[in-house]
>>> print(open('structure-v1.pdb').read())   # PDB, C-alpha atoms, pLDDT in the B column
ATOM      1  CA  MET A 194     115.747  93.628  90.362  1.00 94.00           C
ATOM      2  CA  ILE A 195     112.129  92.550  89.974  1.00 97.00           C
ATOM      3  CA  LEU A 196     111.311  91.119  86.534  1.00 97.00           C
ATOM      4  CA  MET A 197     108.011  89.973  84.998  1.00 97.00           C
ATOM      5  CA  LYS A 198     108.817  86.374  86.000  1.00 97.00           C
ATOM      6  CA  ASP A 199     108.747  87.521  89.659  1.00 98.00           C
ATOM      7  CA  ILE A 200     105.177  88.840  89.388  1.00 98.00           C
ATOM      8  CA  VAL A 201     102.552  86.209  90.182  1.00 98.00           C
ATOM      9  CA  ARG A 202      99.620  85.802  87.814  1.00 98.00           C
ATOM     10  CA  GLU A 203      95.901  85.827  88.520  1.00 95.00           C
ATOM     11  CA  ASP A 204      95.555  82.103  89.232  1.00 94.00           C
ATOM     12  CA  HIS A 205      98.054  82.298  92.131  1.00 98.00           C
ATOM     13  CA  PRO A 206      96.327  81.778  95.517  1.00 98.00           C
ATOM     14  CA  ILE A 207      98.168  84.643  97.299  1.00 98.00           C
ATOM     15  CA  LEU A 208      96.230  87.161  95.187  1.00 98.00           C
ATOM     16  CA  ARG A 209      93.010  86.064  96.917  1.00 98.00           C
ATOM     17  CA  LYS A 210      94.363  86.227 100.475  1.00 98.00           C
ATOM     18  CA  ILE A 211      94.222  89.143 102.896  1.00 98.00           C
ATOM     19  CA  ALA A 212      97.763  90.416 103.442  1.00 98.00           C
ATOM     20  CA  LYS A 213      99.213  90.678 106.943  1.00 98.00           C
ATOM     21  CA  GLU A 214      99.967  93.929 108.793  1.00 98.00           C
ATOM     22  CA  VAL A 215     103.624  94.948 108.751  1.00 98.00           C
ATOM     23  CA  PRO A 216     105.278  95.564 112.153  1.00 97.00           C
ATOM     24  CA  LEU A 217     106.524  99.142 112.597  1.00 97.00           C
ATOM     25  CA  PRO A 218     109.097 100.484 112.294  1.00 96.00           C
ATOM     26  CA  PRO A 219     109.592  98.447 109.100  1.00 97.00           C
ATOM     27  CA  SER A 220     112.458  95.967 108.973  1.00 98.00           C
ATOM     28  CA  LYS A 221     115.372  96.460 106.604  1.00 98.00           C
ATOM     29  CA  GLU A 222     113.969  93.534 104.587  1.00 98.00           C
ATOM     30  CA  ASP A 223     110.569  95.264 104.184  1.00 98.00           C
ATOM     31  CA  VAL A 224     112.217  98.546 103.177  1.00 98.00           C
ATOM     32  CA  ASP A 225     114.366  96.684 100.613  1.00 98.00           C
ATOM     33  CA  ILE A 226     111.256  94.993  99.179  1.00 98.00           C
ATOM     34  CA  LEU A 227     109.468  98.356  98.815  1.00 98.00           C
ATOM     35  CA  ASN A 228     112.546  99.909  97.203  1.00 98.00           C
ATOM     36  CA  LYS A 229     112.701  97.040  94.688  1.00 98.00           C
ATOM     37  CA  MET A 230     108.979  97.465  93.931  1.00 98.00           C
ATOM     38  CA  GLN A 231     109.503 101.193  93.371  1.00 98.00           C
ATOM     39  CA  GLU A 232     112.520 100.391  91.164  1.00 98.00           C
ATOM     40  CA  TYR A 233     110.383  98.012  89.059  1.00 98.00           C
ATOM     41  CA  LEU A 234     107.810 100.772  88.441  1.00 98.00           C
ATOM     42  CA  LYS A 235     110.514 103.284  87.504  1.00 98.00           C
ATOM     43  CA  ASN A 236     112.208 100.780  85.160  1.00 98.00           C
ATOM     44  CA  SER A 237     108.877  99.733  83.611  1.00 98.00           C
ATOM     45  CA  GLN A 238     108.172 103.358  82.693  1.00 98.00           C
ATOM     46  CA  ASP A 239     111.572 103.801  81.001  1.00 98.00           C
ATOM     47  CA  PRO A 240     111.206 102.719  77.330  1.00 97.00           C
ATOM     48  CA  GLU A 241     114.823 101.487  76.968  1.00 97.00           C
ATOM     49  CA  ILE A 242     114.967  99.552  80.259  1.00 98.00           C
ATOM     50  CA  SER A 243     111.470  98.080  79.879  1.00 97.00           C
ATOM     51  CA  GLU A 244     112.277  96.832  76.374  1.00 97.00           C
ATOM     52  CA  LYS A 245     115.666  95.424  77.405  1.00 97.00           C
ATOM     53  CA  TYR A 246     114.183  93.406  80.299  1.00 97.00           C
ATOM     54  CA  GLY A 247     110.707  92.770  78.851  1.00 97.00           C
ATOM     55  CA  LEU A 248     108.893  94.712  81.589  1.00 98.00           C
ATOM     56  CA  ARG A 249     105.216  95.621  81.272  1.00 97.00           C
ATOM     57  CA  GLY A 250     104.580  99.235  82.165  1.00 97.00           C
ATOM     58  CA  GLY A 251     103.007  99.750  85.575  1.00 97.00           C
ATOM     59  CA  VAL A 252     101.964 102.563  87.902  1.00 98.00           C
ATOM     60  CA  GLY A 253     101.470 100.398  90.988  1.00 98.00           C
ATOM     61  CA  LEU A 254     102.705  97.144  92.504  1.00 98.00           C
ATOM     62  CA  ALA A 255     101.496  95.467  95.693  1.00 98.00           C
ATOM     63  CA  ALA A 256     103.566  93.025  97.779  1.00 98.00           C
ATOM     64  CA  PRO A 257     101.171  90.093  97.159  1.00 98.00           C
ATOM     65  CA  GLN A 258     101.905  90.466  93.427  1.00 98.00           C
ATOM     66  CA  ILE A 259     105.493  89.416  94.133  1.00 98.00           C
ATOM     67  CA  ASN A 260     104.310  86.583  96.411  1.00 98.00           C
ATOM     68  CA  ILE A 261     104.786  88.485  99.689  1.00 98.00           C
ATOM     69  CA  GLN A 262     101.720  88.450 101.928  1.00 98.00           C
ATOM     70  CA  LYS A 263     102.296  91.862 103.537  1.00 98.00           C
ATOM     71  CA  ARG A 264     100.258  95.085 103.554  1.00 98.00           C
ATOM     72  CA  MET A 265     102.624  97.169 101.405  1.00 98.00           C
ATOM     73  CA  PHE A 266     102.483  98.706  97.960  1.00 98.00           C
ATOM     74  CA  ALA A 267     104.373 101.111  95.714  1.00 98.00           C
ATOM     75  CA  VAL A 268     102.866 103.614  93.278  1.00 98.00           C
ATOM     76  CA  ARG A 269     104.562 105.822  90.716  1.00 98.00           C
ATOM     77  CA  LEU A 270     102.452 108.067  88.516  1.00 97.00           C
ATOM     78  CA  GLU A 271     101.615 111.630  87.557  1.00 95.00           C
ATOM     79  CA  ASP A 272      98.155 113.176  87.581  1.00 92.00           C
ATOM     80  CA  GLU A 273      96.689 115.210  84.719  1.00 88.00           C
ATOM     81  CA  ASN A 274      98.471 118.335  86.062  1.00 91.00           C
ATOM     82  CA  GLY A 275     101.887 116.663  86.133  1.00 93.00           C
ATOM     83  CA  LYS A 276     101.941 116.278  89.937  1.00 96.00           C
ATOM     84  CA  LYS A 277     104.069 113.259  90.864  1.00 97.00           C
ATOM     85  CA  TYR A 278     102.799 110.515  93.177  1.00 97.00           C
ATOM     86  CA  HIS A 279     105.807 108.393  94.068  1.00 97.00           C
ATOM     87  CA  TYR A 280     104.888 106.561  97.276  1.00 98.00           C
ATOM     88  CA  SER A 281     105.778 103.369  99.067  1.00 98.00           C
ATOM     89  CA  LEU A 282     103.107 102.723 101.680  1.00 98.00           C
ATOM     90  CA  ILE A 283     102.969 100.301 104.590  1.00 98.00           C
ATOM     91  CA  ASN A 284      99.669  99.280 106.241  1.00 98.00           C
ATOM     92  CA  PRO A 285      97.588 101.714 104.125  1.00 98.00           C
ATOM     93  CA  LYS A 286      93.926 102.302 104.976  1.00 98.00           C
ATOM     94  CA  ILE A 287      91.224 104.452 103.443  1.00 98.00           C
ATOM     95  CA  ILE A 288      89.982 106.635 106.280  1.00 98.00           C
ATOM     96  CA  SER A 289      87.352 108.524 104.271  1.00 98.00           C
ATOM     97  CA  HIS A 290      85.914 108.493 100.772  1.00 98.00           C
ATOM     98  CA  SER A 291      83.358 110.198  98.583  1.00 96.00           C
ATOM     99  CA  VAL A 292      79.981 108.669  97.814  1.00 95.00           C
ATOM    100  CA  GLU A 293      80.564 109.812  94.236  1.00 96.00           C
ATOM    101  CA  LYS A 294      82.168 107.233  91.950  1.00 96.00           C
ATOM    102  CA  ALA A 295      84.794 107.500  89.200  1.00 97.00           C
ATOM    103  CA  TYR A 296      86.155 105.116  86.580  1.00 97.00           C
ATOM    104  CA  LEU A 297      88.943 104.914  84.006  1.00 96.00           C
ATOM    105  CA  THR A 298      87.454 105.344  80.536  1.00 95.00           C
ATOM    106  CA  SER A 299      90.093 102.951  79.157  1.00 94.00           C
ATOM    107  CA  GLY A 300      89.325 100.333  81.814  1.00 94.00           C
ATOM    108  CA  GLU A 301      91.878  98.967  84.269  1.00 96.00           C
ATOM    109  CA  GLY A 302      94.725  96.556  83.769  1.00 96.00           C
ATOM    110  CA  CYS A 303      97.047  94.731  86.137  1.00 98.00           C
ATOM    111  CA  LEU A 304     100.589  93.372  86.018  1.00 98.00           C
ATOM    112  CA  SER A 305      99.200  90.087  87.389  1.00 98.00           C
ATOM    113  CA  VAL A 306      96.589  89.789  84.621  1.00 98.00           C
ATOM    114  CA  ASP A 307      97.883  88.824  81.168  1.00 96.00           C
ATOM    115  CA  ARG A 308      94.571  89.357  79.399  1.00 95.00           C
ATOM    116  CA  SER A 309      92.396  92.319  78.572  1.00 93.00           C
ATOM    117  CA  VAL A 310      89.281  92.473  80.745  1.00 95.00           C
ATOM    118  CA  PRO A 311      86.724  94.827  79.170  1.00 95.00           C
ATOM    119  CA  GLY A 312      84.489  96.864  81.416  1.00 96.00           C
ATOM    120  CA  PHE A 313      84.420  99.809  83.791  1.00 96.00           C
ATOM    121  CA  VAL A 314      85.660  99.544  87.366  1.00 96.00           C
ATOM    122  CA  LEU A 315      83.712 101.900  89.631  1.00 96.00           C
ATOM    123  CA  ARG A 316      85.771 103.316  92.488  1.00 97.00           C
ATOM    124  CA  HIS A 317      85.432 106.200  94.948  1.00 97.00           C
ATOM    125  CA  ALA A 318      86.098 109.505  93.154  1.00 97.00           C
ATOM    126  CA  ARG A 319      87.959 110.916  96.177  1.00 98.00           C
ATOM    127  CA  ILE A 320      89.694 109.187  99.061  1.00 98.00           C
ATOM    128  CA  THR A 321      91.814 110.034 102.061  1.00 98.00           C
ATOM    129  CA  ILE A 322      94.352 107.315 102.715  1.00 98.00           C
ATOM    130  CA  LYS A 323      96.629 106.876 105.695  1.00 98.00           C
ATOM    131  CA  GLY A 324      99.704 104.684 105.907  1.00 98.00           C
ATOM    132  CA  PHE A 325     103.372 104.698 106.822  1.00 98.00           C
ATOM    133  CA  ASP A 326     106.473 105.402 104.742  1.00 97.00           C
ATOM    134  CA  VAL A 327     109.733 103.399 104.741  1.00 97.00           C
ATOM    135  CA  ASP A 328     110.907 105.363 107.807  1.00 96.00           C
ATOM    136  CA  GLY A 329     107.776 104.381 109.736  1.00 96.00           C
ATOM    137  CA  LYS A 330     106.397 107.937 109.595  1.00 97.00           C
ATOM    138  CA  GLU A 331     102.651 108.366 109.134  1.00 98.00           C
ATOM    139  CA  ILE A 332     101.507 109.718 105.767  1.00 97.00           C
ATOM    140  CA  LYS A 333      98.018 111.007 105.029  1.00 98.00           C
ATOM    141  CA  LEU A 334      97.032 111.733 101.416  1.00 98.00           C
ATOM    142  CA  ARG A 335      93.882 113.212  99.894  1.00 98.00           C
ATOM    143  CA  LEU A 336      93.493 111.872  96.373  1.00 98.00           C
ATOM    144  CA  LYS A 337      91.145 112.256  93.434  1.00 97.00           C
ATOM    145  CA  GLY A 338      91.087 111.215  89.790  1.00 95.00           C
ATOM    146  CA  LEU A 339      93.763 108.819  88.529  1.00 96.00           C
ATOM    147  CA  PRO A 340      95.804 108.748  91.782  1.00 98.00           C
ATOM    148  CA  ALA A 341      92.675 107.818  93.795  1.00 98.00           C
ATOM    149  CA  ILE A 342      91.912 104.996  91.342  1.00 98.00           C
ATOM    150  CA  VAL A 343      95.485 103.635  91.371  1.00 98.00           C
ATOM    151  CA  PHE A 344      95.733 103.687  95.178  1.00 98.00           C
ATOM    152  CA  GLN A 345      92.379 101.850  95.476  1.00 98.00           C
ATOM    153  CA  HIS A 346      93.504  99.235  92.912  1.00 98.00           C
ATOM    154  CA  GLU A 347      96.672  98.526  94.937  1.00 98.00           C
ATOM    155  CA  LEU A 348      94.798  98.519  98.251  1.00 98.00           C
ATOM    156  CA  ASP A 349      92.412  95.928  96.776  1.00 98.00           C
ATOM    157  CA  HIS A 350      95.420  93.631  96.206  1.00 98.00           C
ATOM    158  CA  LEU A 351      96.080  93.712  99.960  1.00 98.00           C
ATOM    159  CA  ASN A 352      92.518  92.477 100.537  1.00 98.00           C
ATOM    160  CA  GLY A 353      92.487  89.663  97.977  1.00 98.00           C
ATOM    161  CA  ILE A 354      90.386  91.620  95.472  1.00 98.00           C
ATOM    162  CA  MET A 355      91.124  91.814  91.735  1.00 98.00           C
ATOM    163  CA  PHE A 356      90.029  94.814  89.649  1.00 98.00           C
ATOM    164  CA  TYR A 357      87.647  92.720  87.543  1.00 97.00           C
ATOM    165  CA  ASP A 358      85.716  91.736  90.675  1.00 97.00           C
ATOM    166  CA  HIS A 359      84.239  95.256  90.458  1.00 95.00           C
ATOM    167  CA  ILE A 360      83.048  94.903  86.833  1.00 96.00           C
ATOM    168  CA  ASP A 361      79.320  94.276  86.388  1.00 93.00           C
ATOM    169  CA  GLY A 362      79.170  90.816  84.786  1.00 90.00           C
ATOM    170  CA  ASN A 363      75.783  91.481  83.173  1.00 93.00           C
ATOM    171  CA  ASN A 364      76.606  94.943  81.835  1.00 94.00           C
ATOM    172  CA  PRO A 365      80.385  95.591  81.968  1.00 96.00           C
ATOM    173  CA  PHE A 366      80.129  99.114  80.560  1.00 95.00           C
ATOM    174  CA  SER A 367      77.267 100.402  82.698  1.00 91.00           C
ATOM    175  CA  VAL A 368      78.001 103.455  84.802  1.00 88.00           C
ATOM    176  CA  PRO A 369      75.800 105.554  87.065  1.00 84.00           C
ATOM    177  CA  GLU A 370      74.971 108.961  85.588  1.00 86.00           C
ATOM    178  CA  SER A 371      76.809 110.723  88.396  1.00 90.00           C
ATOM    179  CA  ALA A 372      80.078 108.750  87.947  1.00 94.00           C
ATOM    180  CA  ILE A 373      83.113 110.787  86.839  1.00 95.00           C
ATOM    181  CA  PRO A 374      85.010 109.521  83.762  1.00 95.00           C
ATOM    182  CA  VAL A 375      88.800 109.689  84.236  1.00 95.00           C
ATOM    183  CA  GLU A 376      91.124 109.683  81.232  1.00 89.00           C
ATOM    184  CA  ARG A 377      94.440 107.855  81.427  1.00 82.00           C
TER     185      ARG A 377
END
>>> encode(input="structure-v1.pdb", output="structure tokens")
Amino acid sequence: MILMKDIVREDHPILRKIAKEVPLPPSKEDVDILNKMQEYLKNSQDPEISEKYGLRGGVGLAAPQINIQKRMFAVRLEDENGKKYHYSLINPKIISHSVEKAYLTSGEGCLSVDRSVPGFVLRHARITIKGFDVDGKEIKLRLKGLPAIVFQHELDHLNGIMFYDHIDGNNPFSVPESAIPVER
């Protein structure tokens, strides 16, 4: 079971490295890692379990965050319509995206960042992402709103990018007029 002590923090060098492609079909070890990451997210969203084990709530977790330099992440969230996005992706890539931007009105947070970082993170409003599931089958998803933001946040982890790298240092709350605000 993954606990908070297993999640590396922002000063750890792995968070700034580009993760390595995962050979397909995935090994049993890689599938087990993804299942444990998915289990962490599920447990972190359960009030009793998260309190018992001191877990911070999360909607996404990338392999580099648990000190594994592989292109894999898990997400577990619902959109504003209650549609569930429970995915474990291997070698994900954005294959198309909107020019239009979106941002979380509450700002972004991260399990690897123990401080609040004020400011808006501009991301693509809509993306199409392609990757592989734990069986090695190709998955293609078209996402918008909160799911698009969460998937981009996790994909950034695979490329050594932290969410606050996207915040404008001179004007952290500036947003283009055309950007879409997304509530969390």
>>> closest_residue(input="structure-v1.pdb", among="A:Ile287, A:Ile261, A:Cys303, A:Val224", to="Ile354 of chain A", atoms="only C-alpha atoms")
A:Cys303
>>> resolve_selection(input="structure-v1.pdb", expression="the PyMOL selection byres ((chain A and resi 360) around 10)", output="VMD selection string")
chain A and resid 300 310 to 315 355 to 359 361 to 367
>>> residues_around(input="structure-v1.pdb", residues="Pro374 of chain A", least_positions_apart="5", cutoff="7 Å", atoms="all atoms listed in the file", output="PyMOL selection string")
chain A and resi 295-298
>>> atom_distance(input="structure-v1.pdb", atom1="atom CA of Gly253 of chain A", atom2="atom CA of His279 of chain A")
9.6 Å
>>> residues_around(input="structure-v1.pdb", residues="Ser305 of chain A", least_positions_apart="4", cutoff="8 Å", atoms="all atoms listed in the file", output="list in words")
Ile200, Val201, Arg202, Glu203 and Gln258 of chain A
>>> closest_atom_pairs(input="structure-v1.pdb", of="segment 200-235 of chain A", to="segment 318-330 of chain A", cutoff="12 Å", atoms="all atoms listed in the file", output="JSON lines")
{"residue": "A:Glu214", "atom": "CA", "partner": "A:Gly324", "partner_atom": "CA", "distance": 11.1}
{"residue": "A:Val215", "atom": "CA", "partner": "A:Phe325", "partner_atom": "CA", "distance": 9.9}
{"residue": "A:Pro216", "atom": "CA", "partner": "A:Gly329", "partner_atom": "CA", "distance": 9.5}
{"residue": "A:Leu217", "atom": "CA", "partner": "A:Gly329", "partner_atom": "CA", "distance": 6.1}
{"residue": "A:Pro218", "atom": "CA", "partner": "A:Gly329", "partner_atom": "CA", "distance": 4.8}
{"residue": "A:Pro219", "atom": "CA", "partner": "A:Gly329", "partner_atom": "CA", "distance": 6.2}
{"residue": "A:Ser220", "atom": "CA", "partner": "A:Val327", "partner_atom": "CA", "distance": 9.0}
{"residue": "A:Lys221", "atom": "CA", "partner": "A:Val327", "partner_atom": "CA", "distance": 9.1}
{"residue": "A:Glu222", "atom": "CA", "partner": "A:Val327", "partner_atom": "CA", "distance": 10.7}
{"residue": "A:Asp223", "atom": "CA", "partner": "A:Val327", "partner_atom": "CA", "distance": 8.2}
{"residue": "A:Val224", "atom": "CA", "partner": "A:Val327", "partner_atom": "CA", "distance": 5.7}
{"residue": "A:Asp225", "atom": "CA", "partner": "A:Val327", "partner_atom": "CA", "distance": 9.1}
{"residue": "A:Ile226", "atom": "CA", "partner": "A:Val327", "partner_atom": "CA", "distance": 10.2}
{"residue": "A:Leu227", "atom": "CA", "partner": "A:Val327", "partner_atom": "CA", "distance": 7.8}
{"residue": "A:Asn228", "atom": "CA", "partner": "A:Val327", "partner_atom": "CA", "distance": 8.8}
{"residue": "A:Gln231", "atom": "CA", "partner": "A:Val327", "partner_atom": "CA", "distance": 11.6}
>>> residues_around(input="structure-v1.pdb", residues="Arg209 of chain A", least_positions_apart="4", cutoff="10 Å", atoms="all atoms listed in the file", output="PyMOL selection string")
chain A and resi 203-205+257+349-355
>>> atom_distance(input="structure-v1.pdb", atom1="atom CA of Ser309 of chain A", atom2="atom CA of Gly250 of chain A")
14.5 Å
>>> resolve_selection(input="structure-v1.pdb", expression="the PyMOL selection byres ((chain A and resi 239-249) around 8)", output="PyMOL selection string")
chain A and resi 196-197+235-238+250-251+304
>>> resolve_selection(input="structure-v1.pdb", expression="the PyMOL selection byres ((chain A and resi 282) around 7)", output="list in words")
Met265, Phe266, Ala267, Tyr280, Ser281, Ile283, Asn284, Pro285, Gly324, Phe325 and Asp326 of chain A
>>> write_last_selection(input="structure-v1.pdb", atoms="C-alpha atoms", output="compact mmCIF listing (two decimals), in the coordinates of the input")
# COMPACT_ATOMS: atom_id res chain seq x y z
CA MET A 265 102.62 97.17 101.40
CA PHE A 266 102.48 98.71 97.96
CA ALA A 267 104.37 101.11 95.71
CA TYR A 280 104.89 106.56 97.28
CA SER A 281 105.78 103.37 99.07
CA ILE A 283 102.97 100.30 104.59
CA ASN A 284 99.67 99.28 106.24
CA PRO A 285 97.59 101.71 104.12
CA GLY A 324 99.70 104.68 105.91
CA PHE A 325 103.37 104.70 106.82
CA ASP A 326 106.47 105.40 104.74
>>> residues_around(input="structure-v1.pdb", residues="Glu293 of chain A", least_positions_apart="5", cutoff="9 Å", atoms="only C-alpha atoms", output="PyMOL selection string")
chain A and resi 316-319+371-373
>>> closest_residue(input="structure-v1.pdb", among="A:Lys229, A:Lys286, A:Lys333, A:Lys210", to="Met194 of chain A", atoms="only C-alpha atoms")
A:Lys229
>>> atom_distance(input="structure-v1.pdb", atom1="atom CA of Ala255 of chain A", atom2="atom CA of Pro369 of chain A")
28.9 Å
>>> closest_residue(input="structure-v1.pdb", among="A:His290, A:Lys276, A:Ile195, A:Asn260", to="Gln345 of chain A", atoms="all atoms listed in the file")
A:His290
>>> decode(input="structure-v1.pdb", residues="segment 289-322 of chain A", atoms="C-alpha atoms", output="PDB file, in the first residue's frame")
ATOM      1  CA  SER A 289      -4.203  16.768 -30.377  1.00  0.00           C
ATOM      2  CA  HIS A 290      -5.290  19.745 -28.310  1.00  0.00           C
ATOM      3  CA  SER A 291      -7.303  22.930 -28.497  1.00  0.00           C
ATOM      4  CA  VAL A 292      -5.705  26.338 -28.892  1.00  0.00           C
ATOM      5  CA  GLU A 293      -8.189  27.524 -26.271  1.00  0.00           C
ATOM      6  CA  LYS A 294      -6.931  27.432 -22.684  1.00  0.00           C
ATOM      7  CA  ALA A 295      -8.600  26.496 -19.388  1.00  0.00           C
ATOM      8  CA  TYR A 296      -7.612  26.767 -15.734  1.00  0.00           C
ATOM      9  CA  LEU A 297      -8.809  25.634 -12.310  1.00  0.00           C
ATOM     10  CA  THR A 298     -10.299  28.610 -10.475  1.00  0.00           C
ATOM     11  CA  SER A 299      -9.018  27.161  -7.181  1.00  0.00           C
ATOM     12  CA  GLY A 300      -5.507  26.687  -8.578  1.00  0.00           C
ATOM     13  CA  GLU A 301      -3.702  23.352  -8.737  1.00  0.00           C
ATOM     14  CA  GLY A 302      -2.104  21.290  -6.024  1.00  0.00           C
ATOM     15  CA  CYS A 303       0.122  18.227  -6.042  1.00  0.00           C
ATOM     16  CA  LEU A 304       0.802  15.305  -3.716  1.00  0.00           C
ATOM     17  CA  SER A 305       4.526  16.049  -4.137  1.00  0.00           C
ATOM     18  CA  VAL A 306       4.131  19.699  -3.094  1.00  0.00           C
ATOM     19  CA  ASP A 307       3.517  20.347   0.612  1.00  0.00           C
ATOM     20  CA  ARG A 308       2.844  24.057   0.206  1.00  0.00           C
ATOM     21  CA  SER A 309       0.141  26.155  -1.369  1.00  0.00           C
ATOM     22  CA  VAL A 310       1.278  27.773  -4.615  1.00  0.00           C
ATOM     23  CA  PRO A 311      -1.097  30.612  -5.542  1.00  0.00           C
ATOM     24  CA  GLY A 312      -1.782  31.306  -9.181  1.00  0.00           C
ATOM     25  CA  PHE A 313      -3.565  29.999 -12.252  1.00  0.00           C
ATOM     26  CA  VAL A 314      -2.149  27.176 -14.354  1.00  0.00           C
ATOM     27  CA  LEU A 315      -3.161  27.591 -17.998  1.00  0.00           C
ATOM     28  CA  ARG A 316      -3.674  24.301 -19.821  1.00  0.00           C
ATOM     29  CA  HIS A 317      -5.329  23.190 -23.063  1.00  0.00           C
ATOM     30  CA  ALA A 318      -9.126  23.280 -22.665  1.00  0.00           C
ATOM     31  CA  ARG A 319      -9.543  20.081 -24.710  1.00  0.00           C
ATOM     32  CA  ILE A 320      -7.124  17.267 -25.449  1.00  0.00           C
ATOM     33  CA  THR A 321      -7.072  13.891 -27.126  1.00  0.00           C
ATOM     34  CA  ILE A 322      -4.709  11.547 -25.341  1.00  0.00           C
TER      35      ILE A 322
END
